[in-house]
Amino acid sequence: MSENTVKTEAGARDELHGVGVSPGRVIAPLVHMAPAVSEPPEGDPLEGDPEAATDRLKAAALAVKAGLKERAARARSESAAEVLKATALMAGDKALVKNAGKLVTEQGLSPERALWQAATAYADQMRAMGGYMAERAADIEDVRARIVAELRGEDAPGVPQRREPFVLAAEDLAPADTAVLDPDVVIALVTQSGGPQSHTAILARNLGLPAVVAVDGVLDVAGGASVFVDGATGTVVVAPGDAERDAVLAWQRASEQLASFDGGGVLSDGTAVPLLANVGTGDDARAAAEAGAEGVGLLRTEFCFLGRDSEPTVDEQADAYAEVFEAFPGRKVVVRTLDAGADKPLPFLTDATEPNPALGVRGYRTDWTTPGVLERQLEAIGVAQQRSTAEVWVMAPMIATVEEAARFHDLVVAAGLRVGGVMVETPAAAITAEQILERVDFVSLGTNDLTQYTMAADRMLGSLAELNSPWQPAVLRMIRATAQGAAAATELGGAHKHVGVCGEAAADPALAVVLVGLGVDTLSMSPRSLAAVAAVLRGVDLAEARRLAELAVHATSAHEAKDTVRAQLPVLAELGL
């Protein structure tokens with residue numbers, strides 16, 4: 001029997017544990033995700049004309065695609081919009097509808113059964129591929145359910161509609177569900193599966209919702225039961241008592257204190273640590289500026305490309321980038337060139353049949369197979385830069401060799417851009433950081449991918465959540481190697497070689513201290529995380545940050561590293577972080 005076995009009788013208290021992925025403390029009734037759409041019976045026969053049934057299939061798929069795109073337009077964040085657009089692309093996949101149509105005409109199946117069968121085969125193929133594509137199988141199954149519901153005239157699956165605030169519990173959440181959550185009603189998320197870098201985790205952080213993933217037993221908790229959720233510690237308490245109510249009040253007071261963030265990232269000894277924001281659109285950038293971000297450490301440019309069947313023009317891209325630059329006049333904006341592939345497939349650029357897309361043609365590598373897209377994007381960034389006073393830096397994702405870094409820098413210079421760098425997401429780039437930085441101006445650590453590649457663990461899988469922690473000492477050593485390489489390149493060339501972090505690790509206040517101690521110059525994160533990170537950094541000086549970093553690097557596990565550092569930062573408990 002699991003240690004998290006839950007007693008669901010009224011008033012019974014129990015404590016469950018998972019992986020905390022977004023801080024916050026709340027108490028509210030637990031509401032389970034609505035039941036899944038039922039599978040049409042095997043061999044469900046066609047009634048009526050095959051051609052008419054095929055037309056119904058096409059119409060249902062197009063209706064689902066249109067509905068998802070409409071929801072994308074109403075999404076609260078660009079991250080949510082990107083997810084919905086990607087799911088809409090899957091719903092409009094002509095191959096999926098074509099395969100289902102064949103099952104209607106050749107095997108005489110009902111359109112509901114045909115679509116279910118075709119989508120299931122597609123999802124099984126993706127799951128067998130492993131890595132990122134296995135995670136996308138859940139998205140296909142979500143699309144499958146939506147199209148079948150459309151064919152039946154049923155409501156689409158999704159988040160229960162309630163007026164009173166509640167904690168949402170689910171096995172996991174599909175991107176289309178997490179993307180449209182109303183944070184005034186759904187005030188916390190708890191899932192039985194999912195990993196620390198799953199869609200649920202990332203969008204919860206963007207929305208500022210307390211969230212815990214990989215909670216064994218949460219689906220056994222009775223619907224309507226009162227639960228306490230602590231998104232920092234990963235604790236879920238059924239039938240909470242006075243201690244939990246006091247903890248919620250303490251969090252509310254701490255939140256008010258954090259609301260006074262003045263925009264400055266600085267250690268107690270005056271060492272500046274600029275705190276930047278990860279954004280995707282002009283709206284995101286304006287919100288980040290209002291939240292006090294000192295600049296943009298990661299402009300995700302995928303938003304220009306997702307939801308399209310063809311490459312956007314140079315002018316279309318330039319207009320979108322210029323809108324972001326305008327939000328930060330005179331300040332730094334770091335633009336990541338298109339990070340397509342793996343979990344962000346594009347029909348005109350990537351190959352969905354790759355056996356292991358996480359290790360395939362993605363990011364910078366797409367320029368090998370589809371040359372011209374990258375150079376046109378750099379041209380668009382250059383055009384946008386000319387319209388702005390922002391300090392524009394440009395970096396390439398998925399760099400593994402010195403040669404790749406040097407070639408990208410040449411492309412940046414040829415486009416008339418002043419500062420070119422690369423992402424450090426592979427152990428290869430971390431280990432050769434000195435040689436890479438002799439050829440580029442800066443690096444930015446993408447800790448999400450760096451962690452999964454260092455630990456050889458799919459970052460989306462809840463069962464591998466511990467391996468995918470950026471607190472893993474091996475990952476911290478990769479970060480230290482990068483910073484040491486930058487220091488050596490700086491000494492050799494004279495000009496400072498900047499090291500930033502734009503992965504999710506930067507949003508963890510305790511880990512932010514360690515990153516600074518390892519030699520990181522700037523941290524970039526969701527705007528909602530800025531105040532908490534700033535508050536913790538103000539409590540340490542550089543010497544203390546370096547001491548804590550050494551403790552973390554020499555720990556024997558992620559748990560030991562995290563617990564050791566957190567124990568020496570009492571401000572975390574005071575702020576509920």
# chains A, B, ... in the order shown; residues from 1 in each chain; ligands from 1

$ select_by_dssp --residues "range 392-568 of chain A" --states "strand (DSSP E)" --output "list in words"
Val392, Trp393, Val394, Met395, Ala396, Val419, Gly420, Gly421, Val422, Met423, Val424, Phe442, Val443, Ser444, Leu445, His498, Val499, Gly500, Val501, Thr522, Leu523, Ser524 and Met525 of chain A

$ residues_around --residues "Ala293 in chain A" --least-positions-apart "5" --cutoff "10 Å" --atoms "only C-alpha atoms" --output "PyMOL selection string"
chain A and resi 261-265+274-278+285-288+328+524-528+530-531

$ atom_distance --atom1 "CA of Pro183 in chain A" --atom2 "CA of Glu244 in chain A"
21.1 Å

$ residues_around --residues "Arg331 in chain A" --least-positions-apart "5" --cutoff "6 Å" --atoms "only C-alpha atoms" --output "PDB file with C-alpha atoms, in the first residue's frame"
ATOM      1  CA  GLY A 295      14.751  43.759 -19.346  1.00  0.00           C
ATOM      2  CA  ALA A 390      16.284  48.577 -27.019  1.00  0.00           C
ATOM      3  CA  GLU A 391      19.638  46.843 -26.566  1.00  0.00           C
TER       4      GLU A 391
END

$ residues_around --residues "Val333 in chain A" --least-positions-apart "3" --cutoff "12 Å" --atoms "only C-alpha atoms" --output "PyMOL selection string"
chain A and resi 276-280+285+288-289+293-300+321-330+336+381+384-385+388-395+419-420+524

$ residues_around --residues "range 436-439 of chain A" --least-positions-apart "4" --cutoff "6 Å" --atoms "only C-alpha atoms" --output "list in words"
Val402, Ala406 and Ala489 of chain A

$ select_by_dssp --residues "range 191-407 of chain A" --states "helix (DSSP H, G or I)" --output "number ranges by chain"
A: 199-207, 218-220, 242-258, 282-290, 301-304, 314-326, 357-359, 363-369, 373-386, 402-407

$ write_last_selection --atoms "C-alpha atoms" --output "compact mmCIF listing (two decimals), in the first residue's frame"
# COMPACT_ATOMS: atom_id res chain seq x y z
CA HIS A 199 2.64 21.94 -19.36
CA THR A 200 0.81 21.95 -16.03
CA ALA A 201 3.88 23.10 -14.13
CA ILE A 202 4.99 25.80 -16.56
CA LEU A 203 1.56 27.34 -17.05
CA ALA A 204 0.83 27.22 -13.30
CA ARG A 205 3.94 29.30 -12.73
CA ASN A 206 2.92 31.73 -15.46
CA LEU A 207 -0.52 32.13 -13.87
CA VAL A 218 -4.76 12.43 -5.03
CA LEU A 219 -7.41 10.91 -7.30
CA ASP A 220 -8.58 8.80 -4.34
CA ASP A 242 -5.48 25.26 12.39
CA ALA A 243 -1.82 24.85 11.42
CA GLU A 244 -2.69 24.87 7.72
CA ARG A 245 -5.08 27.81 8.10
CA ASP A 246 -2.31 29.75 9.84
CA ALA A 247 0.05 28.85 7.00
CA VAL A 248 -2.41 30.27 4.46
CA LEU A 249 -2.67 33.52 6.42
CA ALA A 250 1.13 33.73 6.61
CA TRP A 251 1.33 33.28 2.83
CA GLN A 252 -1.22 36.03 2.28
CA ARG A 253 0.83 38.42 4.44
CA ALA A 254 4.01 37.43 2.63
CA SER A 255 2.32 37.99 -0.74
CA GLU A 256 1.44 41.53 0.30
CA GLN A 257 5.08 42.09 1.25
CA LEU A 258 6.28 40.74 -2.10
CA GLY A 282 4.27 42.61 -26.90
CA ASP A 283 1.52 42.11 -24.31
CA ASP A 284 3.82 39.87 -22.29
CA ALA A 285 6.61 42.43 -22.54
CA ARG A 286 4.43 45.31 -21.35
CA ALA A 287 3.21 43.22 -18.42
CA ALA A 288 6.82 42.32 -17.56
CA ALA A 289 7.85 45.97 -17.63
CA GLU A 290 4.96 46.85 -15.32
CA THR A 301 9.97 33.82 -31.05
CA GLU A 302 7.93 30.66 -31.68
CA PHE A 303 4.70 32.62 -31.20
CA CYS A 304 5.20 34.12 -34.68
CA VAL A 314 10.18 39.20 -42.62
CA ASP A 315 7.82 42.17 -42.20
CA GLU A 316 5.36 40.15 -40.10
CA GLN A 317 8.14 38.99 -37.82
CA ALA A 318 9.71 42.45 -37.57
CA ASP A 319 6.40 43.98 -36.50
CA ALA A 320 6.00 41.40 -33.74
CA TYR A 321 9.56 41.77 -32.43
CA ALA A 322 9.42 45.58 -32.54
CA GLU A 323 6.37 45.51 -30.28
CA VAL A 324 8.41 43.71 -27.63
CA PHE A 325 11.41 46.01 -28.05
CA GLU A 326 9.21 49.07 -27.57
CA PRO A 357 12.89 14.33 -31.82
CA ALA A 358 14.38 15.54 -28.52
CA LEU A 359 17.73 14.44 -29.93
CA GLY A 363 16.51 24.63 -32.73
CA TYR A 364 19.60 25.80 -34.61
CA ARG A 365 19.82 22.44 -36.39
CA THR A 366 16.76 23.17 -38.51
CA ASP A 367 19.02 25.46 -40.54
CA TRP A 368 20.84 22.34 -41.74
CA THR A 369 17.74 20.85 -43.33
CA VAL A 373 14.49 30.43 -42.36
CA LEU A 374 17.11 31.41 -39.76
CA GLU A 375 18.70 34.09 -41.95
CA ARG A 376 15.31 35.63 -42.71
CA GLN A 377 14.50 35.64 -39.01
CA LEU A 378 17.76 37.42 -38.22
CA GLU A 379 16.96 39.92 -40.96
CA ALA A 380 13.58 40.57 -39.31
CA ILE A 381 15.21 41.05 -35.90
CA GLY A 382 17.61 43.53 -37.49
CA VAL A 383 14.73 45.46 -39.05
CA ALA A 384 12.93 45.59 -35.70
CA GLN A 385 16.11 46.70 -33.93
CA GLN A 386 16.40 49.71 -36.23
CA VAL A 402 32.16 25.43 -31.19
CA GLU A 403 31.75 25.38 -34.96
CA GLU A 404 27.96 25.86 -34.67
CA ALA A 405 28.44 28.77 -32.27
CA ALA A 406 30.96 30.46 -34.55
CA ARG A 407 28.77 30.10 -37.63

$ residues_around --residues "Ala149 in chain A" --least-positions-apart "6" --cutoff "7 Å" --atoms "only C-alpha atoms" --output "MDAnalysis selection string"
chainID A and resid 37 155:156

$ residues_around --residues "range 162-177 of chain A" --least-positions-apart "4" --cutoff "7 Å" --atoms "only C-alpha atoms" --output "mmCIF file with C-alpha atoms, in the first residue's frame"
data_model
loop_
_atom_site.group_PDB
_atom_site.id
_atom_site.type_symbol
_atom_site.label_atom_id
_atom_site.label_comp_id
_atom_site.auth_asym_id
_atom_site.auth_seq_id
_atom_site.Cartn_x
_atom_site.Cartn_y
_atom_site.Cartn_z
ATOM 1 C CA ALA A 28 -10.439 25.039 -0.842
ATOM 2 C CA PRO A 29 -12.685 22.143 -1.903
ATOM 3 C CA LEU A 30 -11.102 19.573 -4.212
ATOM 4 C CA VAL A 31 -12.850 19.139 -7.575
ATOM 5 C CA HIS A 32 -11.924 16.349 -9.962
ATOM 6 C CA MET A 33 -11.490 16.821 -13.682
ATOM 7 C CA VAL A 83 -0.128 25.738 -26.410
ATOM 8 C CA LEU A 84 -3.624 26.209 -27.815
ATOM 9 C CA THR A 87 -3.135 21.809 -30.236
ATOM 10 C CA ALA A 138 -1.425 13.020 -24.577
ATOM 11 C CA ASP A 139 -2.129 16.055 -26.748
ATOM 12 C CA ASP A 142 -6.988 15.315 -26.083
ATOM 13 C CA GLY A 158 -12.188 20.135 -19.854
ATOM 14 C CA LEU A 181 -7.827 28.110 -16.531
ATOM 15 C CA ASP A 184 -9.909 33.433 -9.892
ATOM 16 C CA VAL A 185 -11.834 30.151 -9.727
ATOM 17 C CA VAL A 186 -9.206 27.424 -10.071
ATOM 18 C CA ILE A 187 -6.907 28.551 -7.278
ATOM 19 C CA ALA A 188 -4.512 25.575 -7.213
ATOM 20 C CA LEU A 189 -3.594 22.540 -9.319
ATOM 21 C CA VAL A 190 -2.765 19.032 -8.106
ATOM 22 C CA THR A 191 -2.001 16.223 -10.540
ATOM 23 C CA GLN A 192 -1.209 12.561 -9.989
ATOM 24 C CA SER A 193 1.299 12.433 -12.835
ATOM 25 C CA GLY A 194 3.258 15.070 -14.757
ATOM 26 C CA HIS A 199 2.642 21.942 -19.363
ATOM 27 C CA THR A 200 0.805 21.954 -16.030
ATOM 28 C CA LEU A 219 -7.408 10.906 -7.298
#

$ closest_residue --among "A:Leu338, A:Val536, A:Val440, A:Val571" --to "Asp410 in chain A" --atoms "only C-alpha atoms"
A:Val440
